[in-house]
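Data file: coords29.csv. Format and content: CSV, C-alpha atoms and all ligand atoms.
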```csv
chain,number,residue,atom,x,y,z
N,1182,MET,CA,99.0,155.5,148.1
N,1183,MET,CA,101.3,153.0,146.3
N,1184,LYS,CA,101.8,153.6,142.6
N,1185,VAL,CA,101.6,151.0,139.9
N,1186,ARG,CA,105.2,151.5,139.0
N,1187,GLU,CA,106.3,150.6,142.6
N,1188,LEU,CA,104.6,147.3,142.3
N,1189,GLY,CA,106.0,146.4,138.8
N,1190,GLU,CA,104.4,144.2,136.1
N,1191,PHE,CA,104.6,140.8,137.7
N,1192,ASN,CA,103.3,141.8,141.1
N,1193,LEU,CA,100.5,143.6,139.4
N,1194,ILE,CA,99.5,140.5,137.5
N,1195,ASP,CA,99.5,138.6,140.8
N,1196,ARG,CA,97.4,141.2,142.4
N,1197,ILE,CA,94.9,141.2,139.5
N,1198,SER,CA,94.6,137.5,139.5
N,1199,THR,CA,93.8,137.3,143.2
N,1200,ALA,CA,90.7,139.4,142.7
N,1201,PHE,CA,89.2,136.7,140.5
N,1202,SER,CA,88.2,133.1,141.0
N,1203,SER,CA,89.9,130.7,138.6
N,1204,GLU,CA,87.8,127.6,139.4
N,1205,ASP,CA,86.4,126.3,136.2
N,1206,LYS,CA,86.1,122.6,135.2
N,1207,ASP,CA,87.0,123.3,131.6
N,1208,LEU,CA,90.0,125.4,132.4
N,1209,LEU,CA,93.3,123.5,132.4
N,1210,ILE,CA,95.8,126.4,132.6
N,1211,GLY,CA,94.8,129.9,133.7
N,1212,ILE,CA,96.9,133.0,134.5
N,1213,GLY,CA,100.7,132.4,134.6
N,1214,ASP,CA,101.6,130.6,131.4
N,1215,ASP,CA,102.2,131.7,127.8
N,1216,CYS,CA,98.6,130.9,127.0
N,1217,ALA,CA,95.5,129.9,128.9
N,1218,VAL,CA,94.4,126.4,128.0
N,1219,PHE,CA,90.8,125.0,128.1
N,1220,THR,CA,88.9,122.0,126.9
N,1221,LYS,CA,85.3,121.5,126.0
N,1222,GLY,CA,85.1,117.9,127.0
N,1223,ASP,CA,86.6,116.6,123.8
N,1224,LYS,CA,90.3,115.7,123.4
N,1225,LYS,CA,91.2,118.9,121.6
N,1226,MET,CA,92.4,121.7,123.8
N,1227,SER,CA,92.1,125.4,122.9
N,1228,LEU,CA,94.8,128.0,123.7
N,1229,LEU,CA,94.3,131.7,124.2
N,1230,THR,CA,96.9,134.4,124.4
N,1231,SER,CA,96.8,138.2,124.2
N,1232,ASP,CA,99.6,140.7,123.6
N,1233,MET,CA,99.5,144.5,123.3
N,1234,LEU,CA,101.9,146.8,121.6
N,1235,VAL,CA,102.0,150.4,122.6
N,1236,GLU,CA,103.6,153.2,120.5
N,1237,GLY,CA,106.6,154.6,122.5
N,1238,ILE,CA,106.9,151.5,124.6
N,1239,HIS,CA,107.0,148.6,122.2
N,1240,PHE,CA,107.6,150.4,118.9
N,1241,ASP,CA,108.8,153.6,117.4
N,1242,LEU,CA,107.6,154.5,113.9
N,1243,ASP,CA,111.0,156.1,113.2
N,1244,PHE,CA,112.5,152.6,113.5
N,1245,THR,CA,110.0,150.3,111.9
N,1246,THR,CA,107.5,150.4,109.1
N,1247,PRO,CA,103.7,149.9,109.3
N,1248,PHE,CA,104.2,146.6,107.3
N,1249,HIS,CA,106.8,145.2,109.7
N,1250,LEU,CA,104.7,146.4,112.7
N,1251,GLY,CA,101.7,144.5,111.4
N,1252,ALA,CA,103.8,141.3,111.0
N,1253,LYS,CA,105.4,141.7,114.4
N,1254,SER,CA,102.1,142.2,116.2
N,1255,VAL,CA,100.9,138.8,114.9
N,1256,ALA,CA,104.3,137.1,115.3
N,1257,VAL,CA,104.6,137.8,119.0
N,1258,ASN,CA,101.2,136.2,119.7
N,1259,ILE,CA,102.0,133.2,117.6
N,1260,SER,CA,105.2,132.9,119.6
N,1261,ASP,CA,103.2,132.4,122.8
N,1262,VAL,CA,101.3,129.5,121.1
N,1263,ALA,CA,104.7,128.1,120.0
N,1264,ALA,CA,105.8,128.3,123.6
N,1265,MET,CA,103.2,125.8,124.6
N,1266,GLY,CA,103.6,123.5,121.6
N,1267,GLY,CA,100.3,124.6,120.0
N,1268,LYS,CA,99.0,125.3,116.6
N,1269,PRO,CA,97.9,128.9,116.0
N,1270,ARG,CA,94.5,129.2,114.2
N,1271,TRP,CA,92.5,132.5,114.6
N,1272,PHE,CA,93.1,136.0,115.9
N,1273,LEU,CA,91.2,139.2,116.9
N,1274,LEU,CA,92.8,142.5,116.0
N,1275,SER,CA,92.0,145.6,118.1
N,1276,LEU,CA,93.4,149.0,117.2
N,1277,ALA,CA,93.3,152.4,118.9
N,1278,LEU,CA,94.3,155.0,116.3
N,1279,PRO,CA,94.7,158.8,116.4
N,1280,GLY,CA,92.4,160.2,113.7
N,1281,HIS,CA,95.1,162.2,112.0
N,1282,MET,CA,96.9,159.1,110.8
N,1283,ASP,CA,97.0,158.3,107.0
N,1284,VAL,CA,94.8,155.4,105.9
N,1285,SER,CA,97.9,154.1,104.1
N,1286,PHE,CA,99.3,153.2,107.5
N,1287,ILE,CA,96.5,150.7,108.0
N,1288,ASP,CA,96.8,149.3,104.5
N,1289,ASP,CA,100.5,148.7,105.0
N,1290,PHE,CA,100.0,147.4,108.6
N,1291,CYS,CA,97.4,144.9,107.3
N,1292,ALA,CA,99.5,143.8,104.4
N,1293,GLY,CA,102.3,142.9,106.9
N,1294,ALA,CA,99.9,141.2,109.4
N,1295,ALA,CA,98.2,139.3,106.6
N,1296,GLN,CA,101.5,138.1,105.1
N,1297,LEU,CA,102.7,136.7,108.4
N,1298,ALA,CA,99.2,135.3,109.3
N,1299,ASN,CA,99.1,133.5,105.9
N,1300,LYS,CA,102.6,132.1,106.4
N,1301,PHE,CA,101.5,130.5,109.7
N,1302,GLY,CA,97.9,129.6,108.7
N,1303,VAL,CA,96.1,132.0,111.0
N,1304,LYS,CA,92.9,133.8,110.1
N,1305,LEU,CA,91.6,137.2,111.3
N,1306,ILE,CA,88.1,136.7,112.8
N,1307,GLY,CA,87.3,140.0,114.5
N,1308,GLY,CA,88.5,142.7,116.7
N,1309,ASP,CA,87.7,146.3,117.6
N,1310,THR,CA,88.6,149.7,116.2
N,1311,VAL,CA,88.6,152.9,118.3
N,1312,ALA,CA,90.0,156.4,118.3
N,1313,SER,CA,93.0,157.2,120.5
N,1314,PRO,CA,94.0,160.7,121.5
N,1315,ASP,CA,97.6,160.4,120.7
N,1316,LYS,CA,99.4,157.1,120.4
N,1317,ILE,CA,98.7,153.9,118.5
N,1318,ILE,CA,97.8,150.8,120.6
N,1319,ILE,CA,97.6,147.4,119.0
N,1320,SER,CA,96.1,144.5,120.8
N,1321,ILE,CA,95.9,141.0,119.4
N,1322,THR,CA,94.2,138.0,120.9
N,1323,LEU,CA,95.1,134.7,119.3
N,1324,VAL,CA,93.4,131.3,119.5
N,1325,GLY,CA,95.3,128.1,119.0
N,1326,GLU,CA,94.8,124.4,119.4
N,1327,GLU,CA,96.7,121.4,120.6
N,1328,ASP,CA,96.6,118.7,118.0
N,1329,GLY,CA,96.5,115.6,120.3
N,1330,THR,CA,99.6,116.7,122.3
N,1331,ASP,CA,99.7,118.0,125.8
N,1332,PRO,CA,100.5,121.7,126.2
N,1333,ILE,CA,104.1,122.3,127.3
N,1334,ARG,CA,103.8,124.4,130.5
N,1335,ARG,CA,106.2,126.6,132.4
N,1336,ASP,CA,105.9,124.5,135.5
N,1337,GLY,CA,107.1,121.1,134.4
N,1338,ALA,CA,110.9,121.3,134.9
N,1339,SER,CA,112.5,118.9,137.3
N,1340,GLU,CA,116.0,118.6,138.9
N,1341,GLY,CA,118.4,117.0,136.4
N,1342,ASP,CA,116.6,118.4,133.3
N,1343,GLN,CA,118.9,120.1,130.8
N,1344,ILE,CA,118.2,123.6,129.6
N,1345,PHE,CA,118.2,124.2,125.8
N,1346,LEU,CA,117.6,127.3,123.6
N,1347,THR,CA,116.8,127.5,119.9
N,1348,GLY,CA,118.7,130.0,117.7
N,1349,THR,CA,120.7,132.8,119.2
N,1350,VAL,CA,119.9,135.6,121.8
N,1351,GLY,CA,120.9,139.2,121.8
N,1352,ASP,CA,120.3,139.9,118.2
N,1353,SER,CA,117.0,141.8,118.6
N,1354,GLY,CA,118.4,143.8,121.5
N,1355,ALA,CA,121.5,144.7,119.5
N,1356,GLY,CA,119.3,145.7,116.6
N,1357,LEU,CA,117.3,148.0,118.8
N,1358,SER,CA,120.6,149.6,120.2
N,1359,LEU,CA,121.7,150.2,116.6
N,1360,LEU,CA,118.4,151.8,115.7
N,1361,ARG,CA,118.6,154.0,118.8
N,1362,GLY,CA,122.2,155.0,117.9
N,1363,GLY,CA,121.0,156.2,114.5
N,1364,THR,CA,121.7,153.2,112.2
N,1365,SER,CA,119.0,152.8,109.6
N,1366,ARG,CA,117.4,149.6,108.4
N,1367,ASP,CA,118.6,150.5,104.9
N,1368,SER,CA,122.2,150.6,106.0
N,1369,ASN,CA,124.9,149.0,103.8
N,1370,ASN,CA,126.3,147.0,106.7
N,1371,LYS,CA,124.8,143.5,106.2
N,1372,SER,CA,125.2,142.4,109.8
N,1373,HIS,CA,123.6,145.6,111.1
N,1374,VAL,CA,120.6,145.1,108.9
N,1375,GLU,CA,120.4,141.4,110.0
N,1376,LEU,CA,120.2,142.5,113.7
N,1377,ILE,CA,117.7,145.3,113.0
N,1378,MET,CA,115.5,142.9,111.1
N,1379,ARG,CA,115.5,140.4,114.0
N,1380,HIS,CA,114.2,143.3,116.1
N,1381,ILE,CA,111.5,144.7,113.7
N,1382,SER,CA,110.5,141.4,112.1
N,1383,PRO,CA,110.8,138.4,114.4
N,1384,THR,CA,109.9,134.9,113.3
N,1385,PRO,CA,108.0,132.7,115.8
N,1386,ARG,CA,109.5,129.1,116.2
N,1387,ILE,CA,106.3,127.2,115.3
N,1388,LYS,CA,107.9,124.3,113.3
N,1389,GLU,CA,110.5,123.7,116.0
N,1390,SER,CA,107.8,123.9,118.7
N,1391,GLU,CA,105.7,121.4,116.8
N,1392,PHE,CA,108.6,119.0,116.6
N,1393,ILE,CA,109.3,119.4,120.4
N,1394,ALA,CA,105.7,118.9,121.3
N,1395,SER,CA,104.9,116.0,119.1
N,1396,ARG,CA,107.9,114.0,120.3
N,1397,LYS,CA,107.3,115.0,123.9
N,1398,ILE,CA,110.8,116.2,124.3
N,1399,ALA,CA,110.4,119.1,126.7
N,1400,THR,CA,109.2,119.1,130.3
N,1401,SER,CA,108.7,122.9,130.3
N,1402,MET,CA,109.0,125.6,127.7
N,1403,ILE,CA,108.6,129.4,127.3
N,1404,ASP,CA,109.4,131.9,124.5
N,1405,VAL,CA,112.1,134.4,125.2
N,1406,SER,CA,110.3,137.7,125.0
N,1407,ASP,CA,111.4,139.6,128.1
N,1408,GLY,CA,115.0,138.3,128.4
N,1409,LEU,CA,116.6,134.8,128.8
N,1410,LEU,CA,117.1,135.1,132.6
N,1411,GLN,CA,113.7,136.7,133.2
N,1412,ASP,CA,111.9,134.0,131.2
N,1413,LEU,CA,114.0,131.2,132.8
N,1414,THR,CA,112.9,132.7,136.2
N,1415,HIS,CA,109.3,132.1,135.2
N,1416,ILE,CA,110.1,128.4,134.4
N,1417,CYS,CA,112.0,128.0,137.7
N,1418,ARG,CA,109.5,129.7,139.9
N,1419,GLY,CA,106.6,127.8,138.3
N,1420,SER,CA,108.4,124.5,138.6
N,1421,GLY,CA,109.9,125.1,142.1
N,1422,VAL,CA,113.5,124.5,140.9
N,1423,LYS,CA,116.8,126.3,140.3
N,1424,GLY,CA,118.2,127.2,136.9
N,1425,LYS,CA,122.0,127.0,136.2
N,1426,ILE,CA,123.3,128.8,133.1
N,1427,TRP,CA,126.8,128.5,131.6
N,1428,LEU,CA,127.4,132.0,130.2
N,1429,ASP,CA,130.0,131.0,127.6
N,1430,ARG,CA,127.5,128.4,126.1
N,1431,VAL,CA,124.8,131.0,125.5
N,1432,PRO,CA,124.6,131.1,121.6
N,1433,LEU,CA,125.4,134.4,119.9
N,1434,SER,CA,125.4,135.1,116.2
N,1435,GLY,CA,128.4,136.4,114.3
N,1436,SER,CA,126.6,139.6,113.6
N,1437,PHE,CA,125.9,140.0,117.3
N,1438,ARG,CA,129.5,139.5,118.3
N,1439,VAL,CA,130.7,142.2,115.9
N,1440,ALA,CA,128.0,144.7,117.0
N,1441,ALA,CA,128.6,143.9,120.6
N,1442,GLU,CA,132.2,145.2,120.2
N,1443,GLU,CA,131.1,148.2,118.3
N,1444,LEU,CA,128.4,149.1,120.7
N,1445,ASP,CA,130.5,148.1,123.8
N,1446,LEU,CA,127.7,145.9,125.1
N,1447,GLU,CA,128.3,144.1,128.4
N,1448,ASP,CA,128.8,140.3,128.6
N,1449,ASP,CA,125.3,139.8,130.2
N,1450,PHE,CA,123.5,142.0,127.6
N,1451,PRO,CA,122.2,139.0,125.6
N,1452,LEU,CA,120.9,137.3,128.7
N,1453,SER,CA,118.5,140.1,129.5
N,1454,CYS,CA,117.7,142.1,126.3
N,1455,GLY,CA,114.6,140.2,125.2
N,1456,GLU,CA,112.5,140.1,122.1
N,1457,ASP,CA,114.4,137.3,120.4
N,1458,TYR,CA,111.3,135.0,120.4
N,1459,GLU,CA,113.5,131.9,120.7
N,1460,LEU,CA,112.3,128.8,122.6
N,1461,LEU,CA,113.8,128.1,126.0
N,1462,PHE,CA,113.0,124.6,127.2
N,1463,THR,CA,114.0,121.8,129.6
N,1464,VAL,CA,114.7,118.3,128.5
N,1465,PRO,CA,115.3,115.1,130.7
N,1466,LEU,CA,118.8,113.6,130.0
N,1467,GLU,CA,117.4,110.5,128.2
N,1468,ARG,CA,115.5,112.7,125.6
N,1469,VAL,CA,118.4,115.0,124.8
N,1470,GLU,CA,119.4,112.9,121.7
N,1471,SER,CA,116.1,113.5,120.0
N,1472,LEU,CA,117.2,117.1,119.5
N,1473,ASP,CA,119.7,116.1,116.9
N,1474,LEU,CA,116.9,115.6,114.4
N,1475,LEU,CA,115.4,119.0,115.1
N,1476,GLU,CA,118.7,120.6,114.1
N,1477,LYS,CA,118.9,118.5,111.0
N,1478,GLU,CA,115.3,118.8,109.9
N,1479,PHE,CA,114.9,122.6,110.4
N,1480,SER,CA,118.5,123.7,110.3
N,1481,CYS,CA,117.7,125.3,113.6
N,1482,LYS,CA,120.6,125.6,116.0
N,1483,VAL,CA,119.7,124.1,119.4
N,1484,THR,CA,122.1,124.8,122.2
N,1485,HIS,CA,122.6,123.2,125.6
N,1486,ILE,CA,123.0,126.2,127.9
N,1487,GLY,CA,122.5,124.9,131.4
N,1488,GLU,CA,120.7,122.5,133.8
N,1489,ILE,CA,118.0,122.4,136.4
N,1490,ALA,CA,119.0,121.8,140.0
N,1491,SER,CA,117.1,121.7,143.3
N,1492,GLY,CA,116.6,125.0,145.0
N,1493,GLU,CA,115.3,128.3,143.7
N,1494,GLY,CA,116.4,131.2,141.5
N,1495,ILE,CA,119.0,131.4,138.8
N,1496,ALA,CA,122.8,130.9,139.0
N,1497,LEU,CA,125.2,132.0,136.3
N,1498,TYR,CA,128.6,130.4,135.8
N,1499,ASP,CA,131.7,131.4,133.9
N,1500,SER,CA,133.9,129.0,131.9
N,1501,PHE,CA,135.9,128.1,135.0
N,1502,ASN,CA,132.6,127.1,136.7
N,1503,ASN,CA,132.8,130.1,139.1
N,1504,GLU,CA,129.4,131.6,139.9
N,1505,ILE,CA,129.0,135.1,138.6
N,1506,GLU,CA,126.5,137.7,139.7
N,1507,CYS,CA,123.3,138.1,137.6
N,1508,ARG,CA,122.9,141.8,137.4
N,1509,HIS,CA,120.1,142.1,134.8
N,1510,TYR,CA,117.3,139.7,134.3
N,1511,GLY,CA,115.2,141.3,131.6
N,1512,TYR,CA,112.4,143.7,130.8
N,1513,GLU,CA,109.6,144.3,133.3
N,1514,HIS,CA,107.0,146.9,132.5
N,1515,PHE,CA,107.0,150.0,134.8
N,1516,LYS,CA,110.6,149.1,136.1
N,1517,ALA,CA,112.0,150.6,132.9
N,1518,GLU,CA,110.4,154.0,133.6
I,1601,LIG,P1,104.0,136.6,127.9
I,1601,LIG,O1,105.3,137.4,128.1
I,1601,LIG,O2,104.3,135.2,127.6
I,1601,LIG,O3,103.1,137.3,126.9
I,1601,LIG,P2,103.1,137.9,130.3
I,1601,LIG,O4,104.4,138.0,131.1
I,1601,LIG,O5,102.6,139.0,129.5
I,1601,LIG,O6,103.3,136.6,129.3
I,1601,LIG,O7,102.0,137.4,131.2
I,1601,LIG,C1,102.1,136.4,132.2
I,1601,LIG,C2,100.8,135.8,132.5
I,1601,LIG,O8,99.9,136.8,133.1
I,1601,LIG,C3,100.0,135.3,131.3
I,1601,LIG,O9,99.4,134.1,131.7
I,1601,LIG,C4,99.0,136.4,131.0
I,1601,LIG,O10,97.8,135.9,130.4
I,1601,LIG,C5,98.7,136.9,132.4
I,1601,LIG,N1,98.3,138.3,132.5
I,1601,LIG,C6,99.0,139.4,132.1
I,1601,LIG,N2,98.2,140.5,132.3
I,1601,LIG,C7,97.0,140.1,132.8
I,1601,LIG,C8,95.8,140.8,133.2
I,1601,LIG,N3,95.7,142.1,133.1
I,1601,LIG,N4,94.8,140.0,133.7
I,1601,LIG,C9,94.9,138.7,133.7
I,1601,LIG,N5,96.0,138.0,133.4
I,1601,LIG,C10,97.0,138.7,132.9
I,1602,MG,MG,105.5,134.1,126.3
```

Write the structure described by the file as structure tokens, please.
Amino acid sequence: MMKVRELGEFNLIDRISTAFSSEDKDLLIGIGDDCAVFTKGDKKMSLLTSDMLVEGIHFDLDFTTPFHLGAKSVAVNISDVAAMGGKPRWFLLSLALPGHMDVSFIDDFCAGAAQLANKFGVKLIGGDTVASPDKIIISITLVGEEDGTDPIRRDGASEGDQIFLTGTVGDSGAGLSLLRGGTSRDSNNKSHVELIMRHISPTPRIKESEFIASRKIATSMIDVSDGLLQDLTHICRGSGVKGKIWLDRVPLSGSFRVAAEELDLEDDFPLSCGEDYELLFTVPLERVESLDLLEKEFSCKVTHIGEIASGEGIALYDSFNNEIECRHYGYEHFKAE
């Protein structure tokens, strides 16, 4: 009998989806994008996304605090709405908790979740609370809306589109490596703390996403949660195209560069480490100029890291334009076991 781990996360999702019919006149986007999108006949579209955080897989209470965990649980869901150019509105919070936990955990968790929710204008509207034998499990379902714009899908990239990325990648992964190596979030080293905070307290790129959506700049978009190459693969597969990435253009922060030396991280680490929650998107050549204003208005760095070609898969190039092997794509559940 085949085991779940042999199939891997993405084959499992395919297998689950084939067991159900997806035909529904109100459903615009079903399984396979950052959010499901449906309409009730009016112009407004609703977005739905769900993300689960499991103790020991997604978080370790030695590394984070209940406050930051609460904020991150909401942030990762908001990030999926950002990935489609939507506006986050309401969420359901479901918790499975071992009975021996202190109530103060919940107070602090909720304070963090509420602070982030308030910042992005989302309201808690329900959920479920159950006992768990051992580990904490947090599941959030978030509802968003499209305000008169079309959702930006994963499957809209075409040959000739240019690939862009907000911010920098690798920071969250380096932060996690530092934590695993024994560095504390109270360290005196400012750049270590910066990387650690990017891991335990990510910020979803909602403002930037709204800018991109309202000006119809992107043909496809995804948030980088599993790793740049893995997430680009989702765009390329969905769109039936090939993604070319120039390794030396991939934006890295100063703190990352220093930590990468100290931790002896490989060159391709920032391409696959995940959890940066940056936006990865494709732009037709004639709309590339519109991105200047995004950088100015939100002081958000936007970097041109590659282009879309015909074909399939991902190709990685060094500064001499020689193709280099992609060894790691990113995180896939079960494969990491
Ligand atoms: P993301 O990283 O953006 O949260 P995932 O990789 O988790 O997206 O999921 C990819 C797609 O598969 C999404 O559309 C998600 O809703 C869908 N999906 C994941 N697990 C299931 C499941 N158990 N049943 C139905 N759809 C699922
Ligand atoms: Mg996503």

Given all atoms listed in the file, how would the per-residue table for chain N near ligand LIG 1601 (chain I) read, listing every residue at most 10 Å away with its closest atom pair and distance in Å to one decimal, sorted by chain and number, as CSV?
```
residue,atom,partner,partner_atom,distance
N:Glu1190,CA,I:LIG1601,O4,8.0
N:Phe1191,CA,I:LIG1601,O4,7.2
N:Leu1193,CA,I:LIG1601,N3,8.1
N:Ile1194,CA,I:LIG1601,C7,5.3
N:Asp1195,CA,I:LIG1601,O8,7.9
N:Arg1196,CA,I:LIG1601,N4,9.2
N:Ile1197,CA,I:LIG1601,N4,5.9
N:Ser1198,CA,I:LIG1601,C9,5.9
N:Thr1199,CA,I:LIG1601,C9,9.7
N:Ala1200,CA,I:LIG1601,N4,9.9
N:Phe1201,CA,I:LIG1601,C9,9.1
N:Ile1210,CA,I:LIG1601,O9,8.5
N:Gly1211,CA,I:LIG1601,O9,6.5
N:Ile1212,CA,I:LIG1601,O9,3.9
N:Gly1213,CA,I:LIG1601,O9,3.6
N:Asp1214,CA,I:LIG1601,O9,4.1
N:Asp1215,CA,I:LIG1601,O2,4.1
N:Cys1216,CA,I:LIG1601,O9,5.7
N:Ala1217,CA,I:LIG1601,O9,6.4
N:Val1218,CA,I:LIG1601,O9,9.9
N:Leu1229,CA,I:LIG1601,O10,8.3
N:Thr1230,CA,I:LIG1601,O10,6.2
N:Ser1231,CA,I:LIG1601,O10,6.7
N:Asp1232,CA,I:LIG1601,O3,5.9
N:Met1233,CA,I:LIG1601,O3,8.8
N:Val1257,CA,I:LIG1601,O3,8.1
N:Asn1258,CA,I:LIG1601,O3,7.5
N:Ser1260,CA,I:LIG1601,O2,8.4
N:Asp1261,CA,I:LIG1601,O2,5.7
N:Val1262,CA,I:LIG1601,O2,9.2
N:Ala1264,CA,I:LIG1601,O2,8.1
N:Met1265,CA,I:LIG1601,O2,9.9
N:Ile1403,CA,I:LIG1601,O2,7.2
N:Asp1404,CA,I:LIG1601,O2,6.8
N:Val1405,CA,I:LIG1601,O1,8.0
N:Ser1406,CA,I:LIG1601,O1,5.9
N:Asp1407,CA,I:LIG1601,O1,6.5
N:Gly1408,CA,I:LIG1601,O1,9.7
N:Gln1411,CA,I:LIG1601,O4,9.6
N:Asp1412,CA,I:LIG1601,O1,8.0
N:His1415,CA,I:LIG1601,O4,8.7
N:Glu1456,CA,I:LIG1601,O1,9.8
N:Tyr1512,CA,I:LIG1601,O4,9.8
N:Glu1513,CA,I:LIG1601,O4,8.5
N:His1514,CA,I:LIG1601,O4,9.4
```

Residues just named, written with C-alpha atoms as a short mmCIF file (atom, residue, chain, number, x, y, z; two decimals), keeping the file's coordinate frame:
```
data_model
loop_
_atom_site.label_atom_id
_atom_site.label_comp_id
_atom_site.auth_asym_id
_atom_site.auth_seq_id
_atom_site.Cartn_x
_atom_site.Cartn_y
_atom_site.Cartn_z
CA GLU N 1190 104.40 144.20 136.10
CA PHE N 1191 104.60 140.80 137.70
CA LEU N 1193 100.50 143.60 139.40
CA ILE N 1194 99.50 140.50 137.50
CA ASP N 1195 99.50 138.60 140.80
CA ARG N 1196 97.40 141.20 142.40
CA ILE N 1197 94.90 141.20 139.50
CA SER N 1198 94.60 137.50 139.50
CA THR N 1199 93.80 137.30 143.20
CA ALA N 1200 90.70 139.40 142.70
CA PHE N 1201 89.20 136.70 140.50
CA ILE N 1210 95.80 126.40 132.60
CA GLY N 1211 94.80 129.90 133.70
CA ILE N 1212 96.90 133.00 134.50
CA GLY N 1213 100.70 132.40 134.60
CA ASP N 1214 101.60 130.60 131.40
CA ASP N 1215 102.20 131.70 127.80
CA CYS N 1216 98.60 130.90 127.00
CA ALA N 1217 95.50 129.90 128.90
CA VAL N 1218 94.40 126.40 128.00
CA LEU N 1229 94.30 131.70 124.20
CA THR N 1230 96.90 134.40 124.40
CA SER N 1231 96.80 138.20 124.20
CA ASP N 1232 99.60 140.70 123.60
CA MET N 1233 99.50 144.50 123.30
CA VAL N 1257 104.60 137.80 119.00
CA ASN N 1258 101.20 136.20 119.70
CA SER N 1260 105.20 132.90 119.60
CA ASP N 1261 103.20 132.40 122.80
CA VAL N 1262 101.30 129.50 121.10
CA ALA N 1264 105.80 128.30 123.60
CA MET N 1265 103.20 125.80 124.60
CA ILE N 1403 108.60 129.40 127.30
CA ASP N 1404 109.40 131.90 124.50
CA VAL N 1405 112.10 134.40 125.20
CA SER N 1406 110.30 137.70 125.00
CA ASP N 1407 111.40 139.60 128.10
CA GLY N 1408 115.00 138.30 128.40
CA GLN N 1411 113.70 136.70 133.20
CA ASP N 1412 111.90 134.00 131.20
CA HIS N 1415 109.30 132.10 135.20
CA GLU N 1456 112.50 140.10 122.10
CA TYR N 1512 112.40 143.70 130.80
CA GLU N 1513 109.60 144.30 133.30
CA HIS N 1514 107.00 146.90 132.50
#
```

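You can rank N:Ser1500, N:Glu1493, N:Cys1417, N:Asp1243 by their closest distance to N:Ile1344 using only C-alpha atoms, and at the top of that list sits N:Cys1417.
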
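Among the candidates N:Leu1497, N:Ile1398, N:Ile1505, N:Ile1486, the residue lying nearest to N:Glu1467 is N:Ile1398 (atoms considered: all atoms listed in the file).
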
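Nearest-residue note for ligand MG 1602 (chain I): choosing from N:Ile1259, N:Ile1306, N:Ala1496, N:Ile1318, the minimum distance belongs to N:Ile1259, counting only C-alpha atoms and all ligand atoms.
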
Counting only C-alpha atoms, find the residues whose atoms lie at most 8 Å from (110.5, 116.4, 132.1) (file coordinates) and write them out as a PDB file with C-alpha atoms, in the coordinates of the input.
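Produced file out01.pdb, reproduced below:
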```pdb
ATOM      1  CA  GLY N1337     107.100 121.100 134.400  1.00  0.00           C
ATOM      2  CA  ALA N1338     110.900 121.300 134.900  1.00  0.00           C
ATOM      3  CA  SER N1339     112.500 118.900 137.300  1.00  0.00           C
ATOM      4  CA  ASP N1342     116.600 118.400 133.300  1.00  0.00           C
ATOM      5  CA  ILE N1398     110.800 116.200 124.300  1.00  0.00           C
ATOM      6  CA  ALA N1399     110.400 119.100 126.700  1.00  0.00           C
ATOM      7  CA  THR N1400     109.200 119.100 130.300  1.00  0.00           C
ATOM      8  CA  SER N1401     108.700 122.900 130.300  1.00  0.00           C
ATOM      9  CA  THR N1463     114.000 121.800 129.600  1.00  0.00           C
ATOM     10  CA  VAL N1464     114.700 118.300 128.500  1.00  0.00           C
ATOM     11  CA  PRO N1465     115.300 115.100 130.700  1.00  0.00           C
TER      12      PRO N1465
END
```

Quiz prompt | Between atom CA of N:Ile1381 and atom CA of N:Leu1274, distance in Å (one decimal) | solution = 19.0 Å

Quiz item: In terms of the shortest atom-to-atom distance over all atoms listed in the file, which of N:Thr1245, N:Asp1429, N:Leu1228, N:Leu1323 is closest to N:Arg1366?
Solution: N:Thr1245

Exercise. Can you pull out every residue within 9 Å of N:Ala1441, counting only C-alpha atoms, but drop anything in the same chain fewer than 5 positions away, and send it as a ChimeraX atom specification?
Key: /N:1355,1436,1446-1448,1450

Exercise. Find the residues around N:Met1378 up to 8 Å (only C-alpha atoms counted), leave out those fewer than 4 positions away in its own chain, and share them as a ChimeraX atom specification.
Key: /N:1353,1356,1366,1374,1382-1383

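Distances here use all atoms listed in the file; by that measure, the residue among N:Ala1263, N:Leu1474, N:Gly1435, N:Ser1480 closest to ligand MG 1602 (chain I) is N:Ala1263.
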
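Across the model, the gap from atom CA of N:His1380 to atom CA of N:Ile1319 is 17.3 Å.
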
Quiz prompt | Contacts of N:Leu1242 at 12 Å (all atoms listed in the file; same-chain gap of 6+ positions) as JSON, numbers by chain | solution = {"N": [1235, 1236, 1248, 1249, 1250, 1251, 1286, 1290, 1316, 1317, 1360, 1381]}

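Using all atoms listed in the file, the smallest distance between any of N:Leu1409, N:Ala1292, N:Ile1377, N:Leu1305 and ligand MG 1602 (chain I) comes from N:Leu1409.
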
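Atom CA of N:Ile1333 to atom CA of N:Asp1449 spans 27.6 Å [interatomic distance, one decimal].
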